[in-house]
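Structure data follow from structure_7.cif (mmCIF, C-alpha atoms and all ligand atoms):
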data_protein
loop_
_atom_site.label_atom_id
_atom_site.label_comp_id
_atom_site.auth_asym_id
_atom_site.auth_seq_id
_atom_site.Cartn_x
_atom_site.Cartn_y
_atom_site.Cartn_z
CA MET H 37 98.57 -27.28 260.10
CA ARG H 38 99.65 -23.68 259.54
CA ARG H 39 98.56 -21.92 256.37
CA ALA H 40 101.15 -21.24 253.69
CA VAL H 41 103.15 -18.04 253.79
CA THR H 42 103.28 -16.00 250.59
CA PHE H 43 105.40 -13.02 249.62
CA ARG H 44 104.32 -9.87 247.81
CA ASP H 45 105.17 -6.20 247.38
CA ALA H 46 104.05 -4.10 250.33
CA ALA H 47 100.85 -2.15 249.84
CA ALA H 48 99.96 1.17 251.48
CA ALA H 49 97.46 -0.56 253.76
CA ASP H 50 100.29 -2.73 255.16
CA LEU H 51 102.27 0.25 256.44
CA PRO H 52 100.91 0.40 260.03
CA VAL H 53 101.52 -3.33 260.58
CA MET H 54 104.95 -3.12 258.97
CA GLU H 55 105.95 -0.24 261.21
CA ALA H 56 104.61 -2.02 264.29
CA LEU H 57 106.60 -5.12 263.35
CA LEU H 58 109.80 -3.10 262.90
CA ILE H 59 109.29 -1.27 266.19
CA ALA H 60 108.67 -4.57 267.99
CA ALA H 61 111.94 -5.87 266.48
CA GLU H 62 113.70 -2.68 267.63
CA LEU H 63 114.48 -1.67 264.06
CA SER H 64 114.21 1.85 262.66
CA VAL H 65 111.16 2.97 260.69
CA GLU H 66 112.99 6.01 259.35
CA GLY H 67 113.16 5.86 255.56
CA VAL H 68 110.50 3.15 255.17
CA ARG H 69 108.08 5.50 253.41
CA ALA H 70 110.82 6.92 251.16
CA HIS H 71 111.82 3.44 249.96
CA PHE H 72 108.37 1.85 250.17
CA ALA H 73 108.37 0.68 246.53
CA ASP H 74 111.18 -1.74 247.45
CA PHE H 75 109.56 -3.30 250.49
CA VAL H 76 108.09 -6.79 250.50
CA VAL H 77 105.92 -8.50 253.06
CA ALA H 78 105.35 -12.10 254.08
CA VAL H 79 101.67 -12.83 254.47
CA GLN H 80 99.80 -15.67 256.09
CA GLY H 81 96.09 -15.49 255.42
CA HIS H 82 95.43 -11.76 255.69
CA GLU H 83 98.14 -11.15 258.26
CA VAL H 84 101.52 -9.57 257.59
CA VAL H 85 104.03 -11.73 259.47
CA GLY H 86 107.29 -10.47 258.01
CA VAL H 87 108.88 -7.57 256.18
CA ALA H 88 112.07 -6.65 254.35
CA GLY H 89 113.22 -3.63 252.39
CA LEU H 90 115.83 -2.41 249.97
CA GLU H 91 117.29 1.07 249.61
CA ARG H 92 118.94 1.84 246.27
CA TYR H 93 121.84 4.22 245.78
CA GLY H 94 123.00 3.99 242.19
CA LEU H 95 124.58 0.56 241.67
CA HIS H 96 124.58 -0.16 245.39
CA GLY H 97 121.83 -1.26 247.69
CA LEU H 98 121.14 -1.55 251.37
CA LEU H 99 119.16 -4.49 252.68
CA ARG H 100 117.16 -3.35 255.67
CA SER H 101 114.18 -4.02 257.89
CA VAL H 102 114.31 -7.81 257.73
CA ALA H 103 111.90 -8.74 260.51
CA VAL H 104 109.62 -11.65 261.22
CA ARG H 105 106.87 -11.69 263.84
CA THR H 106 108.20 -13.59 266.84
CA ASP H 107 105.49 -16.26 266.68
CA HIS H 108 106.49 -17.04 263.08
CA GLN H 109 110.27 -17.09 263.47
CA GLY H 110 112.27 -20.21 262.73
CA ARG H 111 110.16 -21.23 259.70
CA GLY H 112 112.46 -19.92 256.98
CA ILE H 113 110.49 -16.70 256.46
CA GLY H 114 113.42 -14.42 257.29
CA GLN H 115 115.70 -16.20 254.84
CA ALA H 116 113.03 -16.16 252.14
CA LEU H 117 112.49 -12.41 252.62
CA ALA H 118 116.22 -11.69 252.46
CA ARG H 119 116.59 -13.88 249.36
CA ALA H 120 113.70 -12.04 247.72
CA MET H 121 115.50 -8.75 248.27
CA ILE H 122 118.80 -10.13 246.95
CA GLU H 123 116.93 -11.33 243.85
CA ARG H 124 115.25 -7.95 243.43
CA ALA H 125 118.56 -6.12 243.71
CA THR H 126 120.20 -8.50 241.23
CA VAL H 127 117.38 -8.16 238.70
CA ALA H 128 117.59 -4.37 239.09
CA GLY H 129 121.24 -4.55 238.06
CA LEU H 130 122.73 -3.51 241.39
CA GLU H 131 126.30 -4.64 241.96
CA THR H 132 126.48 -4.80 245.73
CA LEU H 133 124.28 -5.06 248.78
CA ALA H 134 125.20 -4.01 252.28
CA LEU H 135 123.44 -4.16 255.61
CA LEU H 136 123.90 -3.17 259.22
CA THR H 137 122.73 -5.28 262.10
CA THR H 138 123.09 -5.28 265.84
CA THR H 139 121.12 -8.47 266.41
CA ALA H 140 121.52 -10.90 263.52
CA ALA H 141 125.17 -10.94 262.43
CA ASP H 142 125.09 -14.75 262.39
CA PHE H 143 121.96 -14.89 260.23
CA PHE H 144 123.27 -13.17 257.09
CA PRO H 145 126.43 -15.19 256.30
CA LYS H 146 124.12 -18.06 255.23
CA LEU H 147 123.05 -15.72 252.42
CA GLY H 148 126.60 -14.87 251.38
CA PHE H 149 127.09 -11.64 253.33
CA ARG H 150 130.52 -11.06 254.84
CA PRO H 151 131.48 -8.61 257.58
CA VAL H 152 133.37 -5.52 256.45
CA THR H 153 134.45 -2.28 258.07
CA ARG H 154 132.10 0.63 257.62
CA ASP H 155 134.64 2.61 255.61
CA ALA H 156 134.76 -0.25 253.06
CA LEU H 157 131.15 0.48 252.05
CA PRO H 158 130.42 2.37 248.83
CA ALA H 159 130.32 6.10 249.54
CA ALA H 160 126.86 6.33 247.93
CA LEU H 161 125.37 4.43 250.89
CA GLN H 162 126.30 7.20 253.30
CA ALA H 163 123.07 8.92 252.20
CA SER H 164 121.06 6.26 254.02
CA SER H 165 119.52 7.06 257.38
CA GLN H 166 120.40 3.48 258.31
CA LEU H 167 124.10 4.33 258.22
CA ARG H 168 123.70 7.70 259.87
CA GLY H 169 121.36 6.39 262.53
CA MET H 170 122.98 3.21 263.72
CA CYS H 171 125.72 3.35 266.30
CA SER H 172 128.91 2.30 264.56
CA ALA H 173 130.41 0.78 267.67
CA SER H 174 127.70 -1.84 268.09
CA ALA H 175 126.52 -2.54 264.52
CA THR H 176 128.02 -5.23 262.34
CA VAL H 177 128.39 -4.05 258.75
CA MET H 178 128.03 -6.71 256.07
CA HIS H 179 128.53 -6.80 252.34
CA LEU H 180 127.54 -8.99 249.40
CA THR H 181 128.72 -8.75 245.78
CA LEU H 182 125.77 -9.62 243.57
CA ARG H 183 126.32 -12.16 240.82
CA HIS H 184 125.00 -11.51 237.38
CA GLY H 185 125.62 -14.84 235.74
CA ARG H 186 129.31 -14.23 235.16
CA PRO H 187 132.09 -16.11 236.96
CA GLU H 188 133.52 -14.45 240.09
C1 LIG B 201 116.62 -12.30 261.95
C2 LIG B 201 115.18 -12.74 261.65
C3 LIG B 201 114.62 -11.86 260.53
C4 LIG B 201 115.22 -14.20 261.20
O1 LIG B 201 113.90 -14.56 260.82
P1 LIG B 201 113.41 -16.08 260.85
O2 LIG B 201 112.20 -16.19 260.01
O3 LIG B 201 113.32 -16.57 262.25
O4 LIG B 201 114.64 -16.79 260.14
P2 LIG B 201 114.66 -18.18 259.43
O5 LIG B 201 113.60 -19.09 259.98
O6 LIG B 201 114.67 -17.95 257.97
O7 LIG B 201 116.06 -18.69 259.95
C5 LIG B 201 116.96 -19.27 259.15
C6 LIG B 201 118.19 -19.58 259.96
O8 LIG B 201 118.74 -18.42 260.62
C7 LIG B 201 118.88 -18.64 262.03
N1 LIG B 201 118.56 -17.42 262.72
C8 LIG B 201 117.34 -16.87 262.90
N2 LIG B 201 117.43 -15.71 263.56
C9 LIG B 201 118.74 -15.50 263.80
C10 LIG B 201 119.48 -14.47 264.46
N3 LIG B 201 118.89 -13.41 265.01
N4 LIG B 201 120.83 -14.59 264.52
C11 LIG B 201 121.43 -15.67 263.99
N5 LIG B 201 120.80 -16.68 263.35
C12 LIG B 201 119.46 -16.60 263.27
C13 LIG B 201 117.91 -19.76 262.32
O9 LIG B 201 118.33 -20.47 263.47
C14 LIG B 201 117.99 -20.60 261.06
O10 LIG B 201 119.17 -21.39 261.10
P3 LIG B 201 119.23 -22.81 260.34
O11 LIG B 201 118.91 -22.57 258.89
O12 LIG B 201 120.64 -23.23 260.58
O13 LIG B 201 118.21 -23.64 261.03
C15 LIG B 201 114.27 -12.67 262.91
O14 LIG B 201 114.92 -13.33 263.97
C16 LIG B 201 113.94 -11.25 263.34
O15 LIG B 201 112.93 -10.68 262.93
N6 LIG B 201 114.80 -10.65 264.21
C17 LIG B 201 114.60 -9.29 264.67
C18 LIG B 201 114.96 -8.26 263.62
C19 LIG B 201 116.40 -8.34 263.16
O16 LIG B 201 117.32 -8.50 263.94
N7 LIG B 201 116.62 -8.19 261.84
C20 LIG B 201 117.93 -8.22 261.20
C21 LIG B 201 118.48 -6.86 260.97
S1 LIG B 201 117.83 -6.11 259.49
#
Mind converting the file's structure to C-alpha cells?
Ligand SMILES: CC(C)(COP(=O)(O)OP(=O)(O)OC[C@H]1O[C@@H](n2cnc3c(N)ncnc32)[C@H](O)[C@@H]1OP(=O)(O)O)[C@@H](O)C(=O)NCCC(=O)NCCS
Amino acid sequence: MRRAVTFRDAAAADLPVMEALLIAAELSVEGVRAHFADFVVAVQGHEVVGVAGLERYGLHGLLRSVAVRTDHQGRGIGQALARAMIERATVAGLETLALLTTTAADFFPKLGFRPVTRDALPAALQASSQLRGMCSASATVMHLTLRHGRPE
C-alpha cells in the first residue's frame, strides 16, 4: 500500500525538486522564487510529488504551477493541491482567481473555474510573468469568483 500524501507550505530545500517537477511538466519556473511564500507541496514520505502556487495582485490571484509527478497522477493530488490554493486565496480575502493552461483545460472546471477571454481578466494580473509569458493563442484562460460565505 502506498504511503499517505500530506500537504504543506514549500520550504527552501524543496525548491530544486519543485523546479524539476515544473520543468518536467513543461511549466514555467519564472516567478516561483518571487511568490515562494504562496507555494505548497504534496509530500509522500520525504519526497515532493506535487506542487502548486498562488500569485497575489491586490484582490486578485493567479493559480499557477499545479503539477503532480507522473507516477503519482490520478490519485486526487492535483485536485487537492488546487483546492488548497483556492482555500488559501479565500482565507486571504482575495475575490477572484484566474489561471492559464495549455494542457489541463478540462481539469479545472471540476473546481469551479470557467473559461474567459484574456481581456476579461483583472488588469492587476497583467503584472504576472505567467500572462506575459504564455502564448495567448494556445492558452486557455480560466476564472473563478471566490465565495466568502455570502450568497452569489
Ligand atoms: C493536471 C494535473 C496537475 C492533475 O493532477 P492529478 O493528481 O493527476 O489530478 P487528480 O488525480 O486530482 O485528477 C482529478 C481529475 O482530473 C482529471 N485530470 C487529471 N489530469 C487532467 C488533465 N490534464 N486534463 C483534464 N483532466 C485531468 C482526472 O482524470 C480526474 O478526473 P475524475 O475526478 O473524473 O476521475 C497533472 O496531470 C499534471 O501535473 N499535469 C501537468 C501540468 C499541468 O498541466 N498543470 C496544469 C496547468 S497549471
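The shortest atom-to-atom distance to ligand LIG 201 (chain B), with all atoms listed in the file taken into account, belongs to H:Leu99 out of H:Leu99, H:Val76, H:Met54, H:Ala48.
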Dump the neighbourhood of ligand LIG 201 (chain B) as a VMD selection string: all residues within 6 Å, distances computed on only C-alpha atoms and all ligand atoms. chain H and resid 61 100 to 104 109 to 115 137 139 to 140 142 to 143
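All polymer residues at most 12 Å from (131.4, -12.1, 255.7), using all atoms listed in the file, appear as H:Ala134, H:Leu135, H:Ala141, H:Asp142, H:Phe143, H:Phe144, H:Pro145, H:Lys146, H:Leu147, H:Gly148, H:Phe149, H:Arg150, H:Pro151, H:Val152, H:Thr153, H:Thr176, H:Val177, H:Met178, H:His179, H:Leu180, H:Thr181.
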Selection near Met121 in chain H, 9 Å with only C-alpha atoms, sequence-local residues under 2 positions removed, as JSON, numbers by chain: {"H": [74, 75, 76, 88, 89, 90, 99, 116, 117, 118, 119, 123, 124, 125, 126]}
Env of Val41 in chain H: 7 Å cut, atoms = all atoms listed in the file, seq-sep filter 2 positions within chain, self excluded. Answer as a PyMOL selection string. chain H and resi 39+43+78-80
How would the residues just chosen look if you wrote them out with C-alpha atoms as an mmCIF file, keeping the file's coordinate frame?
data_model
loop_
_atom_site.group_PDB
_atom_site.id
_atom_site.type_symbol
_atom_site.label_atom_id
_atom_site.label_comp_id
_atom_site.auth_asym_id
_atom_site.auth_seq_id
_atom_site.Cartn_x
_atom_site.Cartn_y
_atom_site.Cartn_z
ATOM 1 C CA ARG H 39 98.560 -21.920 256.370
ATOM 2 C CA PHE H 43 105.400 -13.020 249.620
ATOM 3 C CA ALA H 78 105.350 -12.100 254.080
ATOM 4 C CA VAL H 79 101.670 -12.830 254.470
ATOM 5 C CA GLN H 80 99.800 -15.670 256.090
#
8 Å per side around range 147-155 of chain H: axis-aligned box centre and edge lengths, as lines of an AutoDock Vina configuration file:
center_x = 128.8
center_y = -6.6
center_z = 254.7
size_x = 27.6
size_y = 34.3
size_z = 22.7
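Put simply, CA of Leu167 in chain H is 18.7 Å away from CA of Glu131 in chain H.
Atom to atom, CA of Val84 in chain H and CA of Ala46 in chain H stand 9.4 Å apart.
Distance check against Ala160 in chain H using all atoms listed in the file: of H:Ala70, H:Val85, H:Leu95, H:Ala128, the minimum falls on H:Leu95.
With CA of Gly94 in chain H on one side and CA of Leu130 in chain H on the other, the separation reads 7.5 Å.
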Using all atoms listed in the file, the residue out of H:Arg44, H:Gln166, H:Ala175, H:Val127 with shortest distance to Val68 in chain H is H:Gln166
Atoms are missing here; could range 107-135 of chain H be completed with N, CA and C atoms and written as a tab-separated table (two decimals), keeping the file's coordinate frame?
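What follows is the written file rebuild-v7.tsv:
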chain	number	residue	atom	x	y	z
H	107	ASP	N	106.18	-14.97	266.68
H	107	ASP	CA	105.49	-16.26	266.68
H	107	ASP	C	105.59	-16.98	265.34
H	108	HIS	N	106.28	-16.39	264.38
H	108	HIS	CA	106.49	-17.04	263.08
H	108	HIS	C	107.97	-17.24	262.77
H	109	GLN	N	108.84	-16.93	263.73
H	109	GLN	CA	110.27	-17.09	263.47
H	109	GLN	C	110.65	-18.56	263.45
H	110	GLY	N	111.76	-18.84	262.78
H	110	GLY	CA	112.27	-20.21	262.73
H	110	GLY	C	111.59	-21.08	261.69
H	111	ARG	N	110.86	-20.46	260.76
H	111	ARG	CA	110.16	-21.23	259.70
H	111	ARG	C	110.73	-20.93	258.32
H	112	GLY	N	111.85	-20.23	258.27
H	112	GLY	CA	112.46	-19.92	256.98
H	112	GLY	C	111.95	-18.64	256.35
H	113	ILE	N	111.08	-17.92	257.05
H	113	ILE	CA	110.49	-16.70	256.46
H	113	ILE	C	111.55	-15.60	256.32
H	114	GLY	N	112.38	-15.44	257.34
H	114	GLY	CA	113.42	-14.42	257.29
H	114	GLY	C	114.37	-14.65	256.12
H	115	GLN	N	114.79	-15.89	255.97
H	115	GLN	CA	115.70	-16.20	254.84
H	115	GLN	C	115.01	-15.94	253.51
H	116	ALA	N	113.75	-16.35	253.40
H	116	ALA	CA	113.03	-16.16	252.14
H	116	ALA	C	112.88	-14.67	251.82
H	117	LEU	N	112.61	-13.86	252.83
H	117	LEU	CA	112.49	-12.41	252.62
H	117	LEU	C	113.83	-11.82	252.16
H	118	ALA	N	114.90	-12.23	252.84
H	118	ALA	CA	116.22	-11.69	252.46
H	118	ALA	C	116.59	-12.14	251.05
H	119	ARG	N	116.29	-13.39	250.72
H	119	ARG	CA	116.59	-13.88	249.36
H	119	ARG	C	115.78	-13.12	248.31
H	120	ALA	N	114.55	-12.80	248.65
H	120	ALA	CA	113.70	-12.04	247.72
H	120	ALA	C	114.31	-10.67	247.44
H	121	MET	N	114.89	-10.06	248.47
H	121	MET	CA	115.50	-8.75	248.27
H	121	MET	C	116.81	-8.85	247.48
H	122	ILE	N	117.56	-9.92	247.72
H	122	ILE	CA	118.80	-10.13	246.95
H	122	ILE	C	118.44	-10.32	245.47
H	123	GLU	N	117.39	-11.09	245.23
H	123	GLU	CA	116.93	-11.33	243.85
H	123	GLU	C	116.48	-10.02	243.20
H	124	ARG	N	115.74	-9.23	243.97
H	124	ARG	CA	115.25	-7.95	243.43
H	124	ARG	C	116.42	-7.04	243.07
H	125	ALA	N	117.40	-6.98	243.96
H	125	ALA	CA	118.56	-6.12	243.71
H	125	ALA	C	119.34	-6.61	242.50
H	126	THR	N	119.45	-7.93	242.36
H	126	THR	CA	120.20	-8.50	241.23
H	126	THR	C	119.48	-8.19	239.92
H	127	VAL	N	118.17	-8.42	239.90
H	127	VAL	CA	117.38	-8.16	238.70
H	127	VAL	C	117.45	-6.67	238.32
H	128	ALA	N	117.53	-5.81	239.33
H	128	ALA	CA	117.59	-4.37	239.09
H	128	ALA	C	118.97	-3.93	238.59
H	129	GLY	N	119.92	-4.86	238.58
H	129	GLY	CA	121.24	-4.55	238.06
H	129	GLY	C	122.19	-3.97	239.09
H	130	LEU	N	121.81	-4.02	240.37
H	130	LEU	CA	122.73	-3.51	241.39
H	130	LEU	C	123.95	-4.42	241.47
H	131	GLU	N	125.06	-3.86	241.89
H	131	GLU	CA	126.30	-4.64	241.96
H	131	GLU	C	126.61	-5.14	243.36
H	132	THR	N	126.18	-4.37	244.36
H	132	THR	CA	126.48	-4.80	245.73
H	132	THR	C	125.29	-4.54	246.64
H	133	LEU	N	125.26	-5.28	247.72
H	133	LEU	CA	124.28	-5.06	248.78
H	133	LEU	C	125.04	-5.00	250.10
H	134	ALA	N	124.62	-4.09	250.95
H	134	ALA	CA	125.20	-4.01	252.28
H	134	ALA	C	124.08	-4.04	253.30
H	135	LEU	N	124.44	-4.25	254.53
H	135	LEU	CA	123.44	-4.16	255.61
H	135	LEU	C	124.16	-3.87	256.92
